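Inspection log for the structure reproduced underneath, given as structure tokens.
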Amino acid sequence: MAKKSKVGLKVPTKNEILKKYGGMMRLASETVESNLWLPSTFFALNYTFGGGIPFGKILEVAGEESSGKSLIAYNFAYTCQQLGGHVIWVDAEQSWMNSWAEINGVDPERVTVLNDTRIEYISDAVADLAIYLRSQLTNNEPILLVIDSIAAMDCADNIDSKMVEGKAEMGGRAKALYKYFRIRSELFYRLGVTQIYINQLRTALNVGFGKDNTTTTGGAALKFYASIRAAFYSGRSITVKQKGKERKAGKLVTIRLIKNKVAPPRPTISKCPVYFNPKFHEVGFDRCYALEDVLVENDIIEKSSGGVYKFKGKTLARGEEKFQKLLEDDDELRRKLLKKAEINTIGTTRKKIVALTTNLYPVDGVEYESFNESEDEEEVEDE
């Protein structure tokens, strides 16, 4: 009987490891972070998210109807353009209107709109657009991709088949979305493409008592790939009295953070005024709402039991309404307080971009696979 010999374990050298895996590994201390965040004009939301949305990361905005989901996307589109960037808007719901975009401060000249609902086609189109735009924006300007909405998208097989043929497959959309995120996530991260995916909140069945009974459409892929997930809940209407009649001007919206991988957990923003009617108020979120809470919570502003607000011992205002108005009207004071609270704004992001001397998102060497090519390869492997 042959004698078994033990084979010694060969310890690879550092050079061998670098030669074999050098392209995909490095020390964490050598990682270069851009520290660039796309902010909104809603200061409390920027604080809640940690600065806005980091370049290259994903925000999922899930909510009930008429809860401000599209409005917050328009708001981020506005700030993207203010920073010299470009917006890609996938209009799967066929709801884009230039007039409404302009009311929200968005310039249609710097928005590329895609009208399709097939995930496979959208995947390749946004990849090509992102590479083209990044080749044009060489000074680290933001690129924002908005998908409006996940609920309106589906796989090509389900959309292109006739209802009577019964070819639609359960789970087809979830599979297509999983593949979309799997093959596009790294590309968008390398190109610094900030992404907003608008989704619906729906009621989940068979949920235990006391547990969250809300769920989102499109499967679990977006839940895992998103760095920030926020749920928008619609409240009572805001009315304005005009000519003896009550007119609807907006709604009170509650914003709850479901997930945040880029900042510490922050409190829910409750009953935030959101205005939809330009006749009665500037459209969008009240930018200074809940800012008082943030400033008091971080000990930047002192609030006495009598409702007196002080900054560095100096009295600013008496009463919440007067303090809110002061924040709105006094630009210099507001900027000082925002800087003290380290709340990101368009101005601070612009300074960071201008200070950068290198292009953090070069397109040289960037490769990506077509959605259909990826599908063909998987079919071959399955066979």
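Chain labels follow the order of the structure tokens: the first chain is A, the next B, and so on; residue numbering restarts at 1 in every chain, and ligands are counted from 1 in their shown order.
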
Check your understanding: What are the DSSP strand (DSSP E) residues of stretch 125-360 of chain A, as JSON, numbers by chain?
Key -> {"A": [143, 144, 145, 146, 147, 148, 193, 194, 195, 196, 197, 198, 199, 200, 201, 202, 203, 214, 215, 216, 228, 229, 230, 231, 232, 233, 234, 235, 236, 237, 238, 239, 240, 241, 242, 245, 246, 247, 248, 249, 250, 251, 252, 253, 254, 255, 256, 257, 258, 259, 260, 269, 270, 271, 272, 273, 274, 275, 284, 285, 302, 303, 308, 309, 310, 311, 314, 315, 316, 317, 318]}

Taking only C-alpha atoms into account, produce a table as a Markdown table in which each residue of stretch 94-146 of chain A with an atom at most 9 Å from an atom of stretch 43-61 of chain A appears once, together with its shortest atom pair and the distance in Å to one decimal, ordered by chain and rising number.
| residue | atom | partner | partner_atom | distance |
| --- | --- | --- | --- | --- |
| A:Pro142 | CA | A:Phe55 | CA | 7.2 |
| A:Ile143 | CA | A:Phe55 | CA | 8.3 |
| A:Leu144 | CA | A:Phe55 | CA | 8.8 |

If you keep N, CA and C atoms, can you produce a file of those selected residues as a short mmCIF file (atom, residue, chain, number, x, y, z; two decimals), in the first residue's frame?
data_model
loop_
_atom_site.label_atom_id
_atom_site.label_comp_id
_atom_site.auth_asym_id
_atom_site.auth_seq_id
_atom_site.Cartn_x
_atom_site.Cartn_y
_atom_site.Cartn_z
N PRO A 142 -22.28 66.74 -11.46
CA PRO A 142 -23.15 65.58 -11.19
C PRO A 142 -23.94 65.13 -12.41
N ILE A 143 -24.22 63.84 -12.44
CA ILE A 143 -25.18 63.27 -13.38
C ILE A 143 -26.24 62.60 -12.53
N LEU A 144 -27.50 62.96 -12.77
CA LEU A 144 -28.60 62.39 -11.99
C LEU A 144 -29.49 61.54 -12.89
#

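Using only C-alpha atoms, the contacts of stretch 281-294 of chain A at a cut-off of 6 Å, with sequence neighbours closer than 6 positions omitted, comprise Thr41, Phe42, Phe43, Ala44, Pro273, Val274 and Tyr275 of chain A.
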
Review point. Which residue gives the smallest distance to A:Leu36 among A:Ser123, A:Ile353, A:Val113, A:Tyr132, with only C-alpha atoms counted?
Key: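 Nearest candidate to A:Leu36 out of A:Ser123, A:Ile353, A:Val113, A:Tyr132: A:Ile353.
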
Check your understanding: What lies within 9 Å of A:Ala174 using only C-alpha atoms, ignoring chain neighbours under 4 positions off, as a ChimeraX atom specification?
Key -> /A:154-155,170,178-179,217-221

Suppose we keep all heavy atoms; can you now write the selection as an mmCIF file, in the first residue's frame?
data_model
loop_
_atom_site.group_PDB
_atom_site.id
_atom_site.type_symbol
_atom_site.label_atom_id
_atom_site.label_comp_id
_atom_site.auth_asym_id
_atom_site.auth_seq_id
_atom_site.Cartn_x
_atom_site.Cartn_y
_atom_site.Cartn_z
ATOM 1 N N ASP A 154 -41.456 47.002 -16.564
ATOM 2 C CA ASP A 154 -41.606 45.541 -16.587
ATOM 3 C C ASP A 154 -40.606 44.981 -17.592
ATOM 4 O O ASP A 154 -39.970 45.729 -18.332
ATOM 5 C CB ASP A 154 -43.030 45.149 -16.968
ATOM 6 C CG ASP A 154 -43.448 43.808 -16.358
ATOM 7 O OD1 ASP A 154 -42.548 42.997 -16.061
ATOM 8 O OD2 ASP A 154 -44.656 43.576 -16.192
ATOM 9 N N CYS A 155 -40.488 43.654 -17.620
ATOM 10 C CA CYS A 155 -39.590 43.028 -18.596
ATOM 11 C C CYS A 155 -40.267 43.012 -19.969
ATOM 12 O O CYS A 155 -41.496 43.070 -20.076
ATOM 13 C CB CYS A 155 -39.204 41.619 -18.162
ATOM 14 S SG CYS A 155 -40.582 40.490 -17.971
ATOM 15 N N MET A 170 -44.775 35.187 -13.882
ATOM 16 C CA MET A 170 -44.697 35.768 -12.544
ATOM 17 C C MET A 170 -43.236 35.897 -12.138
ATOM 18 O O MET A 170 -42.449 34.962 -12.307
ATOM 19 C CB MET A 170 -45.422 34.868 -11.543
ATOM 20 C CG MET A 170 -46.935 34.888 -11.676
ATOM 21 S SD MET A 170 -47.647 36.497 -11.339
ATOM 22 C CE MET A 170 -47.348 36.622 -9.586
ATOM 23 N N TYR A 178 -33.322 42.686 -11.001
ATOM 24 C CA TYR A 178 -32.125 42.170 -10.332
ATOM 25 C C TYR A 178 -30.933 42.207 -11.293
ATOM 26 O O TYR A 178 -29.833 42.647 -10.934
ATOM 27 C CB TYR A 178 -32.353 40.746 -9.828
ATOM 28 C CG TYR A 178 -31.056 40.056 -9.458
ATOM 29 C CD1 TYR A 178 -30.338 40.455 -8.327
ATOM 30 C CD2 TYR A 178 -30.511 39.060 -10.263
ATOM 31 C CE1 TYR A 178 -29.139 39.863 -8.000
ATOM 32 C CE2 TYR A 178 -29.312 38.462 -9.941
ATOM 33 C CZ TYR A 178 -28.624 38.861 -8.815
ATOM 34 O OH TYR A 178 -27.423 38.285 -8.508
ATOM 35 N N LYS A 179 -31.176 41.763 -12.526
ATOM 36 C CA LYS A 179 -30.089 41.768 -13.507
ATOM 37 C C LYS A 179 -29.643 43.195 -13.821
ATOM 38 O O LYS A 179 -28.448 43.476 -13.954
ATOM 39 C CB LYS A 179 -30.550 41.071 -14.792
ATOM 40 C CG LYS A 179 -29.428 40.874 -15.805
ATOM 41 C CD LYS A 179 -29.943 40.205 -17.067
ATOM 42 C CE LYS A 179 -30.401 38.798 -16.776
ATOM 43 N NZ LYS A 179 -30.856 38.110 -18.011
ATOM 44 N N THR A 217 -42.846 47.636 -4.749
ATOM 45 C CA THR A 217 -42.956 46.796 -5.942
ATOM 46 C C THR A 217 -41.576 46.475 -6.515
ATOM 47 O O THR A 217 -40.589 47.131 -6.198
ATOM 48 C CB THR A 217 -43.776 47.525 -7.022
ATOM 49 O OG1 THR A 217 -43.085 48.722 -7.402
ATOM 50 C CG2 THR A 217 -45.150 47.901 -6.504
ATOM 51 N N GLY A 218 -41.525 45.453 -7.367
ATOM 52 C CA GLY A 218 -40.310 45.170 -8.128
ATOM 53 C C GLY A 218 -39.332 44.200 -7.506
ATOM 54 O O GLY A 218 -38.197 44.098 -7.959
ATOM 55 N N GLY A 219 -39.746 43.510 -6.455
ATOM 56 C CA GLY A 219 -38.844 42.534 -5.850
ATOM 57 C C GLY A 219 -37.890 43.156 -4.847
ATOM 58 O O GLY A 219 -38.027 44.318 -4.464
ATOM 59 N N ALA A 220 -36.884 42.360 -4.452
ATOM 60 C CA ALA A 220 -35.996 42.757 -3.349
ATOM 61 C C ALA A 220 -34.694 43.414 -3.800
ATOM 62 O O ALA A 220 -33.960 43.948 -2.968
ATOM 63 C CB ALA A 220 -35.665 41.532 -2.499
ATOM 64 N N ALA A 221 -34.385 43.403 -5.105
ATOM 65 C CA ALA A 221 -33.069 43.884 -5.564
ATOM 66 C C ALA A 221 -32.819 45.333 -5.176
ATOM 67 O O ALA A 221 -31.746 45.675 -4.659
ATOM 68 C CB ALA A 221 -32.955 43.713 -7.078
#

Check your understanding: Counting only C-alpha atoms, which of A:Lys336, A:Lys223, A:Arg236, A:Lys261 gets nearest to A:Leu177?
Key ->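 The closest residue to A:Leu177 is A:Lys223.
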
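The space separating atom CA of A:Asp364 from atom CA of A:Tyr189 comes to 14.5 Å.
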